Amino acid sequence: MSDRRIVITGVGAASPLGLTVDQMWDGLTNGKSGIDTITAFDPTAFPCRIAGQIPEFKIRDYVPKSHRKATKLMSRDIELSIIAANEAIEDAGLVTKYKTGNEAEYSVSPDRFAINMGAGLISCDFTELAYSVGHSVTDGRFDIKKWGTDGLNTLTPLWLLKYLPNMLPCHVGIIHDVRGPSNTITCGEVGSYLAIGEAMQVIKRGDAEVALAGGCEAKVNAIVIARQCLLKRVATNHNDSPQTACRPFDKNADGSVFGESAALVVLEEMQTALGRGAKIYAEVVGLGQSTNLSSKFEKLEQDGKGVEIAIRKAMKDANITPDDIDLIIPNGSGILADDEAEAAAITRAMGANIERIPVWPTKSMVSHTGSGAGCIDTIAAVKAMSTGAIPAAVNCDEKFDGCRLNIVSKPIETKIRYALCCGYTFGSQTAALILKNIDGEI
């Protein structure tokens, strides 16, 4: 791999705290929670009736007139990814097809522009399938054979195009005329970390100059929430106090709160960015990944070994030690057993530095947003770097016994040299990303 340096020049996010990065950052710095009672569907029958929902919007406001017919074939995941992509590209100061029909005015050649996105399990709405399911019943019970012969025939032939994971970068690519290398990574909660890592490698090997990378997932869906309830991952004791529900690393944590988000960053080769006078948020210097070794797929292994391996690999890739790290944004799900395992992994990886390095979990404010979560935390890290401020964590009133993490209890003003973001899926994958502050180098 070449020694090309990869930097972040644009950020975009739609989160429960707002439809822009500035709204999200304002919420994070003020300890605001985007978690509230579910309004997307009737949650009355669910043990957990809260989630992190994105504010209302009209997707027609975010697509060019020529693409508006396509909005009929957009799942919510696709819509959210478009909102985040538009902001990231605009924030980077890039001119694409979205702004002009003249390719000569583009900031970068379309075939030198890559796109990598993490995507999750895109669940359809019950109402959308109801008619078809009704045609698949025999003697009052759902009949899978009848579904194949009769039910499916009642669905529009284009129905599936709303729910294919690769349709997220597909629509974004069409709107902005992105023709370079493209990939969709379906590795759950670490999908956006891996997408950023792959995009970085695409640029390093010279296959692109610029890349859009990150992830998106809309988990405020009756099917998704029902599954999380059945697997007992959700907080059930805070339906009347949603903003206190998600409690990463707190001794009284009783489960996670799920939500929706889209987050994307623009990556560029440093000389390309400097050549066009782009602002630079941070350099992406390290990526590590590994496997969760738990025999129970729904839980992190008890010692968090997979997370530790990913962190160590990321530090090796960045050629740094724990002495260099000034901020950690962990996964911090609010599921006590998983938080204990992750804390153990981070503690071993950081060694003697564990009580020095500020640890700032964000899911207590933005909820657990699946494939979008990693890039949400990546953007939070670069904003902390660029502002020199680490906001206070919320809902960690008393750490669980034995937790040595230095959870940020009040805002800190400091220069952050390197930031570590890490995460894990509920299946098997772990990942870690390291960002470098290059302020003063250029």
# chains A, B, ... in the order shown; residues from 1 in each chain; ligands from 1
>>> select_by_dssp(residues="range 283-430 of chain A", states="helix (DSSP H, G or I)", output="ChimeraX atom specification")
/A:305-318,322-324,336-353,363-366,370-387
>>> write_last_selection(atoms="C-alpha atoms", output="compact mmCIF listing (two decimals), in the first residue's frame")
# COMPACT_ATOMS: atom_id res chain seq x y z
CA LYS A 305 -11.09 -10.22 23.29
CA GLY A 306 -12.29 -9.39 19.78
CA VAL A 307 -12.61 -5.70 20.64
CA GLU A 308 -9.13 -5.70 22.18
CA ILE A 309 -7.61 -7.27 19.07
CA ALA A 310 -9.28 -4.69 16.80
CA ILE A 311 -7.98 -1.81 18.95
CA ARG A 312 -4.44 -3.20 19.01
CA LYS A 313 -4.48 -3.69 15.24
CA ALA A 314 -5.70 -0.12 14.71
CA MET A 315 -2.90 1.27 16.89
CA LYS A 316 -0.34 -0.82 15.02
CA ASP A 317 -1.73 0.39 11.70
CA ALA A 318 -1.46 3.99 12.93
CA PRO A 322 -1.82 4.23 24.04
CA ASP A 323 0.39 7.13 25.19
CA ASP A 324 -0.70 9.03 22.08
CA LEU A 336 -24.53 -4.17 31.02
CA ALA A 337 -22.85 -7.49 30.16
CA ASP A 338 -21.62 -6.12 26.83
CA ASP A 339 -20.42 -2.88 28.43
CA GLU A 340 -18.47 -4.90 30.99
CA ALA A 341 -16.82 -6.93 28.23
CA GLU A 342 -15.98 -3.87 26.15
CA ALA A 343 -14.59 -2.01 29.16
CA ALA A 344 -12.35 -4.97 29.95
CA ALA A 345 -11.07 -4.99 26.37
CA ILE A 346 -10.35 -1.25 26.32
CA THR A 347 -8.66 -1.46 29.72
CA ARG A 348 -6.26 -4.19 28.58
CA ALA A 349 -5.50 -2.41 25.30
CA MET A 350 -4.78 0.95 26.98
CA GLY A 351 -2.80 -0.46 29.91
CA ALA A 352 -1.47 2.17 32.30
CA ASN A 353 -3.17 4.94 30.30
CA LYS A 363 -25.46 6.31 22.48
CA SER A 364 -27.14 7.70 25.60
CA MET A 365 -27.94 10.72 23.42
CA VAL A 366 -28.18 9.40 19.85
CA GLY A 370 -26.76 0.10 13.80
CA SER A 371 -24.76 0.60 10.63
CA GLY A 372 -24.76 4.37 11.02
CA ALA A 373 -23.36 4.29 14.56
CA GLY A 374 -19.67 4.02 13.74
CA CYS A 375 -19.63 7.03 11.46
CA ILE A 376 -21.77 9.02 13.91
CA ASP A 377 -18.98 8.46 16.43
CA THR A 378 -16.31 9.22 13.84
CA ILE A 379 -17.92 12.59 13.16
CA ALA A 380 -18.28 13.24 16.90
CA ALA A 381 -14.55 12.55 17.25
CA VAL A 382 -13.49 14.92 14.45
CA LYS A 383 -15.76 17.63 15.81
CA ALA A 384 -14.17 17.20 19.23
CA MET A 385 -10.75 17.43 17.58
CA SER A 386 -11.55 20.53 15.57
CA THR A 387 -13.19 22.38 18.48
>>> closest_atom_pairs(of="range 37-61 of chain A", to="range 74-96 of chain A", cutoff="10 Å", atoms="only C-alpha atoms", output="JSON lines")
{"residue": "A:Ile54", "atom": "CA", "partner": "A:Leu80", "partner_atom": "CA", "distance": 9.0}
{"residue": "A:Phe57", "atom": "CA", "partner": "A:Glu79", "partner_atom": "CA", "distance": 9.7}
{"residue": "A:Lys58", "atom": "CA", "partner": "A:Glu79", "partner_atom": "CA", "distance": 9.1}
{"residue": "A:Ile59", "atom": "CA", "partner": "A:Glu79", "partner_atom": "CA", "distance": 6.2}
{"residue": "A:Arg60", "atom": "CA", "partner": "A:Glu79", "partner_atom": "CA", "distance": 9.5}
{"residue": "A:Asp61", "atom": "CA", "partner": "A:Ile83", "partner_atom": "CA", "distance": 9.4}
>>> closest_residue(among="A:Asn116, A:Gln302, A:Asn331, A:Gln271", to="Ser192 in chain A", atoms="only C-alpha atoms")
A:Asn116
>>> atom_distance(atom1="CA of Ile325 in chain A", atom2="CA of Ile412 in chain A")
15.1 Å
>>> residues_around(residues="Met24 in chain A", least_positions_apart="4", cutoff="9 Å", atoms="only C-alpha atoms", output="list in words")
Ala13, Ala14, Ser15, Pro16, Leu17, Gly18, Leu19, Thr20, Leu28, Thr29, Val366 and Ala380 of chain A
>>> write_last_selection(atoms="C-alpha atoms", output="tab-separated table (two decimals), in the first residue's frame")
chain	number	residue	atom	x	y	z
A	13	ALA	CA	-25.22	13.34	9.46
A	14	ALA	CA	-28.90	12.85	10.09
A	15	SER	CA	-29.45	11.70	13.65
A	16	PRO	CA	-32.09	11.78	16.38
A	17	LEU	CA	-30.54	15.10	17.39
A	18	GLY	CA	-31.22	16.73	14.03
A	19	LEU	CA	-30.84	16.64	10.27
A	20	THR	CA	-27.36	18.20	10.21
A	28	LEU	CA	-24.10	16.38	22.14
A	29	THR	CA	-22.37	19.39	23.66
A	366	VAL	CA	-28.18	9.40	19.85
A	380	ALA	CA	-18.28	13.24	16.90
>>> closest_residue(among="A:Ala431, A:Ile50, A:Leu300, A:Leu267", to="Val202 in chain A", atoms="only C-alpha atoms")
A:Leu267
>>> atom_distance(atom1="CA of Gly277 in chain A", atom2="CA of Cys216 in chain A")
28.9 Å
>>> closest_residue(among="A:Glu283, A:Glu209, A:Asp125, A:Glu355", to="Arg417 in chain A", atoms="only C-alpha atoms")
A:Glu283
>>> atom_distance(atom1="CA of Ser241 in chain A", atom2="CA of Asp36 in chain A")
8.2 Å
>>> select_by_dssp(residues="range 329-422 of chain A", states="strand (DSSP E or B)", output="list in words")
Ile329, Pro358, Val359, His368, Ala389, Ile390, Lys399, Asn406, Ile407, Ile412, Glu413, Tyr418, Ala419, Leu420, Cys421 and Cys422 of chain A
>>> residues_around(residues="range 143-156 of chain A", least_positions_apart="4", cutoff="10 Å", atoms="only C-alpha atoms", output="number ranges by chain")
A: 128-139, 160
>>> write_last_selection(atoms="C-alpha atoms", output="mmCIF file, in the first residue's frame")
data_model
loop_
_atom_site.group_PDB
_atom_site.id
_atom_site.type_symbol
_atom_site.label_atom_id
_atom_site.label_comp_id
_atom_site.auth_asym_id
_atom_site.auth_seq_id
_atom_site.Cartn_x
_atom_site.Cartn_y
_atom_site.Cartn_z
ATOM 1 C CA GLU A 128 -46.782 -2.677 2.724
ATOM 2 C CA LEU A 129 -46.925 -6.469 2.990
ATOM 3 C CA ALA A 130 -50.379 -6.853 4.517
ATOM 4 C CA TYR A 131 -52.277 -7.295 1.255
ATOM 5 C CA SER A 132 -49.795 -9.873 -0.021
ATOM 6 C CA VAL A 133 -49.782 -11.779 3.261
ATOM 7 C CA GLY A 134 -53.560 -11.825 3.171
ATOM 8 C CA HIS A 135 -53.343 -13.742 -0.120
ATOM 9 C CA SER A 136 -51.029 -16.301 1.478
ATOM 10 C CA VAL A 137 -53.301 -17.758 4.131
ATOM 11 C CA THR A 138 -54.613 -21.326 4.288
ATOM 12 C CA ASP A 139 -57.093 -22.267 7.022
ATOM 13 C CA LEU A 160 -37.385 -5.227 -3.858
#
>>> closest_residue(among="A:Val210, A:Ile38, A:Leu121, A:Cys170", to="Glu268 in chain A", atoms="only C-alpha atoms")
A:Val210
>>> closest_residue(among="A:Ala208, A:Gly140, A:Ala119, A:Trp360", to="Gly188 in chain A", atoms="only C-alpha atoms")
A:Ala119
>>> closest_residue(among="A:Gly34, A:Pro358, A:Gly259, A:Gly304", to="Ile328 in chain A", atoms="only C-alpha atoms")
A:Pro358
>>> residues_around(residues="Lys232 in chain A", least_positions_apart="5", cutoff="10 Å", atoms="only C-alpha atoms", output="compact mmCIF listing (two decimals) with C-alpha atoms, in the first residue's frame")
# COMPACT_ATOMS: atom_id res chain seq x y z
CA PRO A 47 -42.01 -3.74 26.40
CA CYS A 48 -39.75 -0.97 25.05
CA ALA A 226 -39.79 -6.64 18.07
CA ARG A 227 -36.61 -8.61 17.37
CA ASP A 254 -30.77 -2.40 31.79
CA GLY A 255 -30.55 -2.43 28.01
CA SER A 256 -29.99 -0.41 24.88
CA GLU A 298 -26.36 -12.16 20.53
CA ILE A 335 -26.36 -3.53 27.76
